[in-house]
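What's in run05.pdb: PDB, C-alpha atoms, pLDDT in the B column
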MODEL        1
ATOM      1  CA  MET O   1     -37.390   4.921 -43.605  1.00 72.00           C
ATOM      2  CA  ILE O   2     -38.308   8.458 -42.540  1.00 72.00           C
ATOM      3  CA  GLU O   3     -40.065   7.143 -39.433  1.00 75.00           C
ATOM      4  CA  THR O   4     -36.991   5.092 -38.503  1.00 86.00           C
ATOM      5  CA  THR O   5     -34.710   8.088 -39.026  1.00 86.00           C
ATOM      6  CA  PHE O   6     -36.885  10.335 -36.872  1.00 84.00           C
ATOM      7  CA  HIS O   7     -37.206   7.652 -34.204  1.00 89.00           C
ATOM      8  CA  LYS O   8     -33.402   7.392 -34.001  1.00 90.00           C
ATOM      9  CA  ALA O   9     -33.016  11.180 -34.004  1.00 88.00           C
ATOM     10  CA  ASN O  10     -35.512  11.520 -31.145  1.00 91.00           C
ATOM     11  CA  GLU O  11     -33.675   8.782 -29.210  1.00 92.00           C
ATOM     12  CA  MET O  12     -30.473  10.833 -29.540  1.00 90.00           C
ATOM     13  CA  VAL O  13     -32.247  13.982 -28.330  1.00 91.00           C
ATOM     14  CA  GLU O  14     -33.739  12.074 -25.369  1.00 93.00           C
ATOM     15  CA  SER O  15     -30.261  10.809 -24.427  1.00 94.00           C
ATOM     16  CA  ASN O  16     -29.488  14.457 -23.598  1.00 94.00           C
ATOM     17  CA  LEU O  17     -25.802  14.128 -24.482  1.00 93.00           C
ATOM     18  CA  GLU O  18     -23.651  17.111 -23.610  1.00 94.00           C
ATOM     19  CA  VAL O  19     -22.598  19.432 -26.449  1.00 94.00           C
ATOM     20  CA  THR O  20     -19.202  21.062 -25.893  1.00 92.00           C
ATOM     21  CA  ASP O  21     -16.864  23.265 -27.862  1.00 91.00           C
ATOM     22  CA  ALA O  22     -13.095  23.518 -27.940  1.00 92.00           C
ATOM     23  CA  VAL O  23     -10.341  24.935 -30.104  1.00 94.00           C
ATOM     24  CA  MET O  24      -8.330  22.259 -31.898  1.00 92.00           C
ATOM     25  CA  THR O  25      -5.787  22.041 -34.691  1.00 92.00           C
ATOM     26  CA  ARG O  26      -6.513  20.234 -37.952  1.00 87.00           C
ATOM     27  CA  ASP O  27      -4.193  17.397 -36.901  1.00 87.00           C
ATOM     28  CA  GLU O  28      -5.980  16.963 -33.567  1.00 90.00           C
ATOM     29  CA  ILE O  29      -9.359  16.858 -35.303  1.00 87.00           C
ATOM     30  CA  ASN O  30      -8.206  14.419 -37.986  1.00 84.00           C
ATOM     31  CA  ALA O  31      -6.742  12.116 -35.316  1.00 87.00           C
ATOM     32  CA  ILE O  32     -10.261  11.709 -33.904  1.00 83.00           C
ATOM     33  CA  MET O  33     -12.440  11.887 -37.022  1.00 79.00           C
ATOM     34  CA  PRO O  34     -11.616  11.183 -40.679  1.00 76.00           C
ATOM     35  CA  ALA O  35     -11.115  14.320 -42.791  1.00 69.00           C
ATOM     36  CA  ASP O  36     -13.996  13.420 -45.117  1.00 73.00           C
ATOM     37  CA  ARG O  37     -16.324  13.371 -42.093  1.00 76.00           C
ATOM     38  CA  THR O  38     -15.299  16.846 -40.895  1.00 75.00           C
ATOM     39  CA  ASN O  39     -15.296  18.588 -44.304  1.00 77.00           C
ATOM     40  CA  MET O  40     -11.788  19.939 -43.760  1.00 81.00           C
ATOM     41  CA  ASP O  41     -11.420  20.361 -47.520  1.00 81.00           C
ATOM     42  CA  LEU O  42     -13.992  23.170 -47.379  1.00 84.00           C
ATOM     43  CA  LEU O  43     -11.851  25.276 -45.032  1.00 83.00           C
ATOM     44  CA  PRO O  44      -8.934  27.414 -46.216  1.00 88.00           C
ATOM     45  CA  ILE O  45      -5.583  25.728 -45.489  1.00 88.00           C
ATOM     46  CA  SER O  46      -4.469  28.969 -43.804  1.00 92.00           C
ATOM     47  CA  VAL O  47      -6.907  28.264 -40.958  1.00 88.00           C
ATOM     48  CA  LYS O  48      -4.814  26.326 -38.447  1.00 87.00           C
ATOM     49  CA  GLN O  49      -7.034  26.287 -35.377  1.00 91.00           C
ATOM     50  CA  LEU O  50     -10.754  25.645 -35.444  1.00 90.00           C
ATOM     51  CA  ARG O  51     -13.647  25.820 -33.020  1.00 91.00           C
ATOM     52  CA  VAL O  52     -14.966  22.289 -32.753  1.00 90.00           C
ATOM     53  CA  ILE O  53     -18.382  21.188 -31.543  1.00 90.00           C
ATOM     54  CA  ARG O  54     -18.474  17.739 -29.932  1.00 89.00           C
ATOM     55  CA  ILE O  55     -21.599  15.752 -29.086  1.00 91.00           C
ATOM     56  CA  GLY O  56     -21.074  13.282 -26.249  1.00 91.00           C
ATOM     57  CA  ASP O  57     -17.903  11.216 -26.378  1.00 86.00           C
ATOM     58  CA  ASN O  58     -17.248  11.739 -30.106  1.00 76.00           C
ATOM     59  CA  VAL O  59     -20.748  10.763 -31.248  1.00 86.00           C
ATOM     60  CA  ASP O  60     -20.163  13.705 -33.563  1.00 85.00           C
ATOM     61  CA  LEU O  61     -17.343  16.192 -33.894  1.00 84.00           C
ATOM     62  CA  CYS O  62     -17.493  19.043 -36.361  1.00 83.00           C
ATOM     63  CA  PRO O  63     -15.614  22.298 -36.941  1.00 84.00           C
ATOM     64  CA  CYS O  64     -18.275  24.990 -36.654  1.00 82.00           C
ATOM     65  CA  ALA O  65     -18.550  28.636 -35.679  1.00 75.00           C
ATOM     66  CA  GLY O  66     -22.326  28.587 -35.247  1.00 81.00           C
ATOM     67  CA  THR O  67     -24.627  28.671 -32.236  1.00 84.00           C
ATOM     68  CA  HIS O  68     -25.336  25.353 -30.511  1.00 87.00           C
ATOM     69  CA  VAL O  69     -27.343  23.888 -27.648  1.00 90.00           C
ATOM     70  CA  ARG O  70     -25.504  22.818 -24.485  1.00 90.00           C
ATOM     71  CA  GLU O  71     -27.309  19.454 -24.312  1.00 92.00           C
ATOM     72  CA  LEU O  72     -29.312  17.557 -26.928  1.00 91.00           C
ATOM     73  CA  GLY O  73     -32.364  17.602 -24.665  1.00 93.00           C
ATOM     74  CA  GLU O  74     -32.724  21.355 -25.293  1.00 93.00           C
ATOM     75  CA  ILE O  75     -33.872  20.524 -28.829  1.00 92.00           C
ATOM     76  CA  GLY O  76     -37.109  18.834 -27.779  1.00 92.00           C
ATOM     77  CA  THR O  77     -39.071  16.265 -29.763  1.00 89.00           C
ATOM     78  CA  LEU O  78     -38.528  16.338 -33.524  1.00 88.00           C
ATOM     79  CA  GLU O  79     -41.521  16.226 -35.840  1.00 86.00           C
ATOM     80  CA  TYR O  80     -41.634  15.323 -39.507  1.00 84.00           C
ATOM     81  CA  LEU O  81     -43.563  18.016 -41.360  1.00 84.00           C
ATOM     82  CA  GLY O  82     -42.921  16.940 -44.936  1.00 81.00           C
ATOM     83  CA  LYS O  83     -40.203  17.102 -47.544  1.00 79.00           C
ATOM     84  CA  LYS O  84     -39.248  19.294 -50.452  1.00 81.00           C
ATOM     85  CA  ASN O  85     -36.855  18.692 -53.281  1.00 81.00           C
ATOM     86  CA  LYS O  86     -34.476  21.470 -54.084  1.00 72.00           C
TER
ENDMDL
END

So, in terms of structure tokens, how does the structure I just supplied come out?
Amino acid sequence: MIETTFHKANEMVESNLEVTDAVMTRDEINAIMPADRTNMDLLPISVKQLRVIRIGDNVDLCPCAGTHVRELGEIGTLEYLGKKNK
């Protein structure tokens, strides 16, 4: 299973999809992605507009204030080094 997961992840990286950001309202985000997928429940209700990171044409869309690549190809090949349980 891990090999399959990493194979799929590397295929996504090789596709070099564009990563963009935009400012959207909660309603705009929820119209595209279900609320349980975007973790809206973790954000204070007082936050009305969010910075959203989008991979490709809605392959993934997530409210996030972090640093991101511009294209998936910038990541390079993923390698499985092992696993740890928390």

Next item on the list: Considering only C-alpha atoms, return as number ranges by chain whatever protein or nucleic-acid residues lie within 12 Å of segment 73-80 of chain O, sequence-local ones (same chain, fewer than 2 positions apart) excluded.
Entry: O: 1-19, 55, 68-71, 82-84

Answer key for the PyMOL selection byres ((chain O and resi 27-41) around 10), residues as a PDB file with C-alpha atoms, in the coordinates of the input:
ATOM      1  CA  VAL O  23     -10.341  24.935 -30.104  1.00 94.00           C
ATOM      2  CA  MET O  24      -8.330  22.259 -31.898  1.00 92.00           C
ATOM      3  CA  THR O  25      -5.787  22.041 -34.691  1.00 92.00           C
ATOM      4  CA  ARG O  26      -6.513  20.234 -37.952  1.00 87.00           C
ATOM      5  CA  LEU O  42     -13.992  23.170 -47.379  1.00 84.00           C
ATOM      6  CA  LEU O  43     -11.851  25.276 -45.032  1.00 83.00           C
ATOM      7  CA  PRO O  44      -8.934  27.414 -46.216  1.00 88.00           C
ATOM      8  CA  ILE O  45      -5.583  25.728 -45.489  1.00 88.00           C
ATOM      9  CA  LYS O  48      -4.814  26.326 -38.447  1.00 87.00           C
ATOM     10  CA  GLN O  49      -7.034  26.287 -35.377  1.00 91.00           C
ATOM     11  CA  LEU O  50     -10.754  25.645 -35.444  1.00 90.00           C
ATOM     12  CA  VAL O  52     -14.966  22.289 -32.753  1.00 90.00           C
ATOM     13  CA  ASN O  58     -17.248  11.739 -30.106  1.00 76.00           C
ATOM     14  CA  ASP O  60     -20.163  13.705 -33.563  1.00 85.00           C
ATOM     15  CA  LEU O  61     -17.343  16.192 -33.894  1.00 84.00           C
ATOM     16  CA  CYS O  62     -17.493  19.043 -36.361  1.00 83.00           C
ATOM     17  CA  PRO O  63     -15.614  22.298 -36.941  1.00 84.00           C
ATOM     18  CA  CYS O  64     -18.275  24.990 -36.654  1.00 82.00           C
TER      19      CYS O  64
END

Quick one: what's the axis-aligned box for segment 31-46 of chain O, all listed atoms, 6 Å on every side, centre and edges in Å to one decimal, as lines of an AutoDock Vina configuration file?
center_x = -10.4
center_y = 20.1
center_z = -40.7
size_x = 23.9
size_y = 29.8
size_z = 25.6

Since I can't run it myself right now, could you work out what the PyMOL selection byres ((chain O and resi 20) around 6) selects here and report it as a PDB file with C-alpha atoms, keeping the file's coordinate frame?
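The result, written out as expr.pdb:
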ATOM      1  CA  VAL O  19     -22.598  19.432 -26.449  1.00 94.00           C
ATOM      2  CA  ASP O  21     -16.864  23.265 -27.862  1.00 91.00           C
ATOM      3  CA  ILE O  53     -18.382  21.188 -31.543  1.00 90.00           C
ATOM      4  CA  ARG O  54     -18.474  17.739 -29.932  1.00 89.00           C
TER       5      ARG O  54
END
